[in-house]
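Written out below as structure tokens is the structure these notes cover.
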Amino acid sequence: MEHPDSILIVDFGSQVTQLIARRVREAGVYSEIAPFQSAEAAFDRMQPKGIILSGGPASVTAENSPRVPQRFFEAGIPILGICYGQQVMSAQLGGNVIVSGDGGEFGSAFIEVKSACALFDGLWAEGERHQVWMSHGDKVDAIPPGFTPVATSTGAPYAIVADETRRFYGVQFHPEVVHTPDGGKLIANFARHVCGLSGDWTMAEFRDTKIAEIRAQVGTGRVICGLSGGVDSAVAAVLIHEAIGEQLTCVYVDHGLMRAGESEQVVSLFRGAYNIPLIHVNVEELFLGGLAGITDPELKRKFIGKTFIDVFDAEAKKLGGAEFLAQGTLYPDVIESVSFTGGPSVTIKSHHNVGGLPERMNMKLVEPLRELFKDEVRALGRELGLPEIFVGRHPFPGPGLAIRIPGEVTKERCDILRKADAIYLEEIRAAGLYDTIWQAFAVLLPVRSVGVMGDGRTYDNVLALRAVTSTDGMTAQAFQFPGDFLPRVATRIINEVKGINRVTYDYTSKPPGTIEWE
Ligand SMILES: Nc1ncnc2c1ncn2[C@@H]1O[C@H](COP(=O)(O)OP(=O)(O)OP(=O)(O)O)[C@@H](O)[C@H]1O
Ligand SMILES: O=c1[nH]c(=O)c2[nH+]cn([C@@H]3O[C@H](COP(=O)(O)O)[C@@H](O)[C@H]3O)c2[nH]1
Ligand SMILES: NC(=O)CC[C@H](N)C(=O)O
Ligand SMILES: [Mg+2]
């Protein structure tokens, strides 16, 4: 489906390019991301009403660094360059970029508004200071003819530059991240006010577009959908079911790495709410057998990714064959595993459903949520009428407890962790904190410590508790529990779970940490 009113986002490999797309979606405007290498083809197909150039890891000063197709600057449509996008636009239009001698700006910074600009209309006024988020080592040191600086920061004299005649704008900071509080509004101003788009693109339309795309991709083929009980796969399953009805069968894989009571709960909840065929496979031995002796986190992830696919293949065969495998893959799974659009982003960890997949796959993937963030999936789930018990669930990673047991995974360690994790979550629910926290879990550390219990010496495992707040899983902060909550949980766990004699709390944010420990 082509959209008459769209914005093309040219990706130079930023970790947060998809956040630009979501800010544009939040402004009610349809957008597509294309890697810089294939941006011209996307441009010709979409005929966009505006262009946004993303950030990226390259330096404009390096030989053969990526460039914008020159004809985009002659198309007569507005362009917004973000970070690398600003730098590359400046370089191509006659300005200059240098590597900052002082090492650049990373994190929070303040800009001062010097003059009015269409990007700020109704938002910022001359003389005001505003918080933004910076992440750059290079900077523009001469702006191209036609541009004027409209805001400055200590590290970047050209924090925002504008050529109002051609409607070209460049920002050195990242308006797409939540740490730039007014960033979403700046992007909305660009999309609606500068590009003149109406802002009538909605989640209901997204759903209709996806249903049409699923039908076109699948035809009369058979689809199996990996259903985990998490919100992503539940939304994917219901959406695909709306699209193709009886061609869909769901498969729940019990790999022995689930939490206490989870398998029974997921299967009965889903069967109770939907009339979609669901197969429950128990393959605990296969997974735990294969994980024996593996301690490296990436090797665990690769083994689990491959084994999931083996199980799906075997189930497909039992059904008489299936051409398609559906998964509830989201954008954060994708960006950390591989570069989404083929741009030059780096791998952080191989999410089992993306980077952990084997190279050869018999089934083709159907992943309708691949561009979305968690909170957008929740909005889509509500749009589809999913019960709140699915929509509001904390995320749980596909590799399950295996990536919460650093070192070797054994059944015994899984059982210890399951007990401790169940107590922690029970207390969180009892305290009414479940919905305030984005994700909470326990990690069984490969460390033993000395303790004293009942006058005897103990030498047992250490458990770490983690709880984070987040909106999209891309950045996160440690949750601050009220007063006596953590000591109470620690006491309960040590008293009730044999094998644990010490409990710690993890205060690391993301970045620099990730949410899971592996
Ligand atoms: N135990 C499982 N059985 C079948 N499929 C699974 C299982 N665990 C994960 N998957 C598949 O892998 C995908 C990615 O897992 P992920 O945990 O990111 O999503 P989710 O479980 O659907 O939602 P959430 O992130 O809220 O836990 C799932 O959407 C699902 O398709
Ligand atoms: O399905 C998944 N397969 C995986 O391999 C995987 N690894 C991490 N996660 C979940 O993703 C979110 C971000 O996690 P990280 O900050 O640890 O990367 C958090 O919600 C994690 O629980 C995974 N989900
Ligand atoms: N975030 C970015 O786009 C960074 C651009 C460029 N790599 C720099 O360091 O300045
Ligand atoms: Mg999950």
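Note on naming: chains are A, B, ... as they come in the structure tokens, residues start from 1 per chain, ligands start from 1 in the order shown.
Near ligand 2, at a distance of at most 7 Å and with only C-alpha atoms and all ligand atoms counted, sit the residues Arg301, Pro332, Asp333, Glu336, Lys349, Ser350, His351, His352, Asn353, Pro395, Phe396, Pro397, Gly398, Pro399, Gln439, Gly473, Met474, Lys510, Thr514, Ile515, Glu516, Trp517 and Glu518 of chain A.
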If you count only C-alpha atoms and all ligand atoms, which residues end up within 12 Å of ligand 4, as a compact mmCIF listing (two decimals) with N, CA and C atoms, in the first residue's frame?
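Output file pocket-v6.txt follows:
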```txt
# COMPACT_ATOMS: atom_id res chain seq x y z
N GLY A 226 5.25 -19.15 16.79
CA GLY A 226 5.84 -19.41 18.09
C GLY A 226 5.14 -18.54 19.12
N LEU A 227 4.41 -19.21 20.03
CA LEU A 227 3.65 -18.46 21.03
C LEU A 227 4.27 -18.68 22.40
N SER A 228 4.67 -17.61 23.07
CA SER A 228 5.39 -17.75 24.34
C SER A 228 4.55 -17.35 25.54
N GLY A 229 3.40 -16.72 25.28
CA GLY A 229 2.63 -16.16 26.39
C GLY A 229 2.97 -14.70 26.61
N GLY A 230 4.05 -14.24 25.98
CA GLY A 230 4.40 -12.83 26.07
C GLY A 230 3.49 -12.00 25.18
N VAL A 231 3.53 -10.69 25.39
CA VAL A 231 2.61 -9.83 24.66
C VAL A 231 2.92 -9.82 23.16
N ASP A 232 4.19 -9.89 22.79
CA ASP A 232 4.54 -9.76 21.37
C ASP A 232 3.96 -10.90 20.55
N SER A 233 4.20 -12.14 21.02
CA SER A 233 3.72 -13.24 20.20
C SER A 233 2.20 -13.35 20.28
N ALA A 234 1.60 -12.95 21.41
CA ALA A 234 0.14 -12.99 21.50
C ALA A 234 -0.47 -12.00 20.48
N VAL A 235 0.11 -10.81 20.40
CA VAL A 235 -0.39 -9.82 19.44
C VAL A 235 -0.16 -10.31 18.01
N TYR A 252 3.59 -23.62 21.39
CA TYR A 252 4.24 -23.16 22.63
C TYR A 252 5.35 -24.14 22.97
N VAL A 253 6.58 -23.66 23.05
CA VAL A 253 7.72 -24.52 23.32
C VAL A 253 8.07 -24.44 24.81
N LEU A 257 13.05 -23.87 30.58
CA LEU A 257 13.69 -22.64 31.03
C LEU A 257 12.65 -21.58 31.34
N MET A 258 11.41 -22.03 31.56
CA MET A 258 10.33 -21.10 31.87
C MET A 258 10.26 -20.91 33.39
N ARG A 259 9.44 -19.93 33.80
CA ARG A 259 9.30 -19.67 35.23
C ARG A 259 8.31 -20.65 35.86
N GLU A 262 4.52 -21.39 34.67
CA GLU A 262 4.22 -20.56 33.51
C GLU A 262 3.55 -21.32 32.37
N VAL A 266 0.08 -20.17 30.65
CA VAL A 266 0.02 -19.61 29.30
C VAL A 266 -0.96 -20.39 28.44
N GLN A 327 6.77 -15.03 14.20
CA GLN A 327 7.32 -14.73 15.52
C GLN A 327 6.94 -13.31 15.89
N GLY A 328 6.91 -13.07 17.20
CA GLY A 328 6.59 -11.71 17.66
C GLY A 328 7.86 -10.88 17.81
N THR A 329 8.70 -10.90 16.81
CA THR A 329 9.95 -10.14 16.88
C THR A 329 9.68 -8.63 16.87
N LEU A 330 10.34 -7.92 17.79
CA LEU A 330 10.18 -6.46 17.84
C LEU A 330 11.48 -5.77 17.43
N ASP A 333 14.75 -6.32 19.54
CA ASP A 333 15.40 -7.61 19.29
C ASP A 333 16.30 -7.48 18.07
N HIS A 351 19.70 -11.88 19.96
CA HIS A 351 18.40 -12.29 20.46
C HIS A 351 18.01 -13.59 19.75
N HIS A 352 17.46 -14.54 20.53
CA HIS A 352 17.29 -15.89 20.01
C HIS A 352 16.50 -15.93 18.72
N ASN A 353 15.59 -14.96 18.56
CA ASN A 353 14.69 -14.99 17.41
C ASN A 353 15.23 -14.20 16.22
N LYS A 374 7.94 -1.99 22.20
CA LYS A 374 7.02 -2.68 23.12
C LYS A 374 5.74 -1.91 23.41
N PHE A 390 -2.61 -10.31 29.00
CA PHE A 390 -1.53 -10.48 28.02
C PHE A 390 -0.81 -9.15 27.78
N ARG A 393 1.66 -7.86 30.62
CA ARG A 393 2.72 -8.73 31.16
C ARG A 393 4.11 -8.15 30.99
N HIS A 394 4.97 -8.38 31.98
CA HIS A 394 6.38 -8.01 31.81
C HIS A 394 6.97 -8.85 30.67
N PRO A 395 7.92 -8.31 29.93
CA PRO A 395 8.59 -9.12 28.91
C PRO A 395 9.34 -10.28 29.57
N PHE A 396 9.44 -11.37 28.85
CA PHE A 396 10.26 -12.50 29.30
C PHE A 396 11.02 -13.00 28.07
N PRO A 397 12.34 -13.10 28.14
CA PRO A 397 13.10 -13.40 26.93
C PRO A 397 12.91 -14.84 26.48
N GLY A 398 12.93 -15.06 25.19
CA GLY A 398 12.78 -16.41 24.64
C GLY A 398 13.75 -17.42 25.24
N PRO A 399 15.03 -17.09 25.42
CA PRO A 399 15.97 -18.06 26.01
C PRO A 399 15.72 -18.30 27.50
N GLY A 400 14.78 -17.54 28.06
CA GLY A 400 14.31 -17.80 29.42
C GLY A 400 15.40 -17.76 30.46
N LEU A 401 15.31 -18.68 31.43
CA LEU A 401 16.23 -18.66 32.56
C LEU A 401 17.68 -18.93 32.15
N GLN A 439 10.05 -4.41 33.98
CA GLN A 439 10.46 -5.81 33.97
C GLN A 439 11.21 -6.10 35.27
```
Those in range 12-78 of chain A with helix (DSSP H, G or I) from DSSP, as number ranges by chain: A: 17-26, 36-46, 70-74
Hey, which residues sit close to ligand 3? Say within 7 Å, counting only C-alpha atoms and all ligand atoms, and write them as a PyMOL selection string. chain A and resi 14+54-59+82-85+135-139
Once you have the residues from the selection above, write them out as an mmCIF file, in the first residue's frame, restricted to N, CA and C atoms.
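What follows is the written file out.cif:
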```cif
data_model
loop_
_atom_site.group_PDB
_atom_site.id
_atom_site.type_symbol
_atom_site.label_atom_id
_atom_site.label_comp_id
_atom_site.auth_asym_id
_atom_site.auth_seq_id
_atom_site.Cartn_x
_atom_site.Cartn_y
_atom_site.Cartn_z
ATOM 1 N N SER A 14 22.532 4.459 12.751
ATOM 2 C CA SER A 14 22.394 4.811 14.163
ATOM 3 C C SER A 14 21.687 3.679 14.908
ATOM 4 N N SER A 54 19.413 10.107 9.274
ATOM 5 C CA SER A 54 19.687 9.626 10.637
ATOM 6 C C SER A 54 21.125 9.914 11.060
ATOM 7 N N GLY A 55 21.431 9.600 12.321
ATOM 8 C CA GLY A 55 22.804 9.605 12.803
ATOM 9 C C GLY A 55 23.516 8.343 12.331
ATOM 10 N N GLY A 56 24.755 8.174 12.755
ATOM 11 C CA GLY A 56 25.475 6.968 12.368
ATOM 12 C C GLY A 56 26.881 6.964 12.922
ATOM 13 N N PRO A 57 27.500 5.764 12.939
ATOM 14 C CA PRO A 57 28.814 5.636 13.559
ATOM 15 C C PRO A 57 29.977 6.190 12.725
ATOM 16 N N ALA A 58 29.764 6.419 11.432
ATOM 17 C CA ALA A 58 30.886 6.846 10.578
ATOM 18 C C ALA A 58 31.262 8.301 10.860
ATOM 19 N N SER A 59 32.411 8.709 10.342
ATOM 20 C CA SER A 59 32.822 10.107 10.414
ATOM 21 C C SER A 59 32.843 10.654 8.996
ATOM 22 N N ILE A 82 19.973 14.700 11.285
ATOM 23 C CA ILE A 82 20.208 14.496 12.714
ATOM 24 C C ILE A 82 21.629 13.976 12.913
ATOM 25 N N CYS A 83 22.438 14.680 13.688
ATOM 26 C CA CYS A 83 23.805 14.265 14.039
ATOM 27 C C CYS A 83 24.617 13.951 12.779
ATOM 28 N N TYR A 84 24.919 12.665 12.498
ATOM 29 C CA TYR A 84 25.648 12.384 11.254
ATOM 30 C C TYR A 84 24.908 13.007 10.076
ATOM 31 N N GLY A 85 23.563 12.952 10.131
ATOM 32 C CA GLY A 85 22.746 13.532 9.055
ATOM 33 C C GLY A 85 23.013 15.022 8.878
ATOM 34 N N SER A 135 25.426 12.821 21.271
ATOM 35 C CA SER A 135 26.311 11.665 21.180
ATOM 36 C C SER A 135 27.153 11.810 19.925
ATOM 37 N N HIS A 136 28.145 12.689 20.003
ATOM 38 C CA HIS A 136 28.963 12.886 18.791
ATOM 39 C C HIS A 136 30.416 13.202 19.125
ATOM 40 N N GLY A 137 31.274 12.773 18.197
ATOM 41 C CA GLY A 137 32.693 13.075 18.324
ATOM 42 C C GLY A 137 33.087 14.147 17.315
ATOM 43 N N ASP A 138 32.379 14.201 16.192
ATOM 44 C CA ASP A 138 32.657 15.200 15.144
ATOM 45 C C ASP A 138 31.726 16.384 15.325
ATOM 46 N N LYS A 139 32.057 17.502 14.626
ATOM 47 C CA LYS A 139 31.086 18.601 14.598
ATOM 48 C C LYS A 139 31.254 19.451 13.343
#
```
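Minimum atom-to-atom distances from A:Met363, A:Ala316, A:Leu325, A:Ala109 to ligand 1 were compared using only C-alpha atoms and all ligand atoms, and the lowest value belongs to A:Leu325.
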### Query
Arg22 in chain A: which residues within 10 Å, counting only C-alpha atoms, same-chain residues fewer than 5 positions away excluded, as a PyMOL selection string?
chain A and resi 17+27-31+176+184+371-373+376
Check your understanding: Any idea what's packed within 9 Å of range 408-414 of chain A, counting only C-alpha atoms, ignoring anything in its chain fewer than 4 positions away? Could you give it as a PyMOL selection string?
Key -> chain A and resi 256-259+288-289+291-296+401-403+418-419+444+446
Dump as a tab-separated table (two decimals), in the first residue's frame, selection limited to N, CA and C atoms:
```
chain	number	residue	atom	x	y	z
A	256	GLY	N	11.92	-25.97	29.37
A	256	GLY	CA	12.45	-26.22	30.71
A	256	GLY	C	13.13	-24.99	31.30
A	257	LEU	N	13.05	-23.87	30.58
A	257	LEU	CA	13.69	-22.64	31.03
A	257	LEU	C	12.65	-21.58	31.34
A	258	MET	N	11.41	-22.03	31.56
A	258	MET	CA	10.33	-21.10	31.87
A	258	MET	C	10.26	-20.91	33.39
A	259	ARG	N	9.44	-19.93	33.80
A	259	ARG	CA	9.30	-19.67	35.23
A	259	ARG	C	8.31	-20.65	35.86
A	288	LEU	N	18.02	-28.69	27.77
A	288	LEU	CA	18.99	-28.78	28.88
A	288	LEU	C	20.16	-29.68	28.51
A	289	GLY	N	19.88	-30.73	27.74
A	289	GLY	CA	20.96	-31.62	27.29
A	289	GLY	C	21.95	-30.84	26.43
A	291	LEU	N	22.46	-27.64	26.35
A	291	LEU	CA	23.11	-26.52	27.04
A	291	LEU	C	24.22	-26.98	27.99
A	292	ALA	N	24.24	-28.28	28.26
A	292	ALA	CA	25.24	-28.81	29.22
A	292	ALA	C	26.64	-28.42	28.75
A	293	GLY	N	27.41	-27.85	29.64
A	293	GLY	CA	28.79	-27.51	29.32
A	293	GLY	C	28.97	-26.16	28.65
A	294	ILE	N	27.88	-25.51	28.21
A	294	ILE	CA	28.03	-24.20	27.54
A	294	ILE	C	27.99	-23.08	28.59
A	295	THR	N	28.99	-22.22	28.57
A	295	THR	CA	28.98	-21.10	29.52
A	295	THR	C	28.98	-19.73	28.81
A	296	ASP	N	29.42	-19.70	27.55
A	296	ASP	CA	29.50	-18.42	26.84
A	296	ASP	C	28.09	-17.94	26.46
A	401	LEU	N	15.31	-18.68	31.43
A	401	LEU	CA	16.23	-18.66	32.56
A	401	LEU	C	17.68	-18.93	32.15
A	402	ALA	N	17.89	-19.45	30.93
A	402	ALA	CA	19.27	-19.76	30.51
A	402	ALA	C	20.16	-18.53	30.53
A	403	ILE	N	19.60	-17.36	30.21
A	403	ILE	CA	20.44	-16.15	30.20
A	403	ILE	C	20.37	-15.41	31.54
A	418	ARG	N	13.99	-20.62	39.74
A	418	ARG	CA	12.52	-20.56	39.62
A	418	ARG	C	11.87	-20.24	40.96
A	419	LYS	N	12.37	-20.88	42.02
A	419	LYS	CA	11.76	-20.65	43.35
A	419	LYS	C	11.98	-19.21	43.79
A	444	LEU	N	20.69	-15.89	38.92
A	444	LEU	CA	21.46	-16.76	39.84
A	444	LEU	C	22.93	-16.68	39.46
A	446	PRO	N	27.07	-17.09	39.37
A	446	PRO	CA	28.02	-18.20	39.50
A	446	PRO	C	29.06	-17.88	40.58
```
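Within the 9 Å cut-off around Val450 in chain A, using only C-alpha atoms and omitting residues fewer than 3 positions from it on the same chain, the listed residues are Arg457, Thr458, Tyr459, Asp460, Asn501 and Arg502 of chain A.
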Practice prompt. Using backbone DSSP assignments, extract all strand (DSSP E or B) residues from range 374-487 of chain A; output them as a PyMOL selection string.
Written response: chain A and resi 439-453+456-469+476-478
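Using only C-alpha atoms and all ligand atoms, the shortest contact distance between ligand 1 and any of A:Arg370, A:His255, A:Arg360, A:Arg222 is found at A:His255.
For the set A:Met134, A:Phe168, A:Gln87, A:Glu112, the residue with the smallest atom-to-atom gap to Glu74 in chain A is A:Phe168, counting only C-alpha atoms.
The coordinates place atom 23 (O, counted along the ligand's line) of ligand 1 at 16.8 Å from CA of Glu264 in chain A.
Nearest-residue note for ligand 1: choosing from A:Ile428, A:Cys225, A:Ile77, A:Leu463, the minimum distance belongs to A:Cys225, counting only C-alpha atoms and all ligand atoms.
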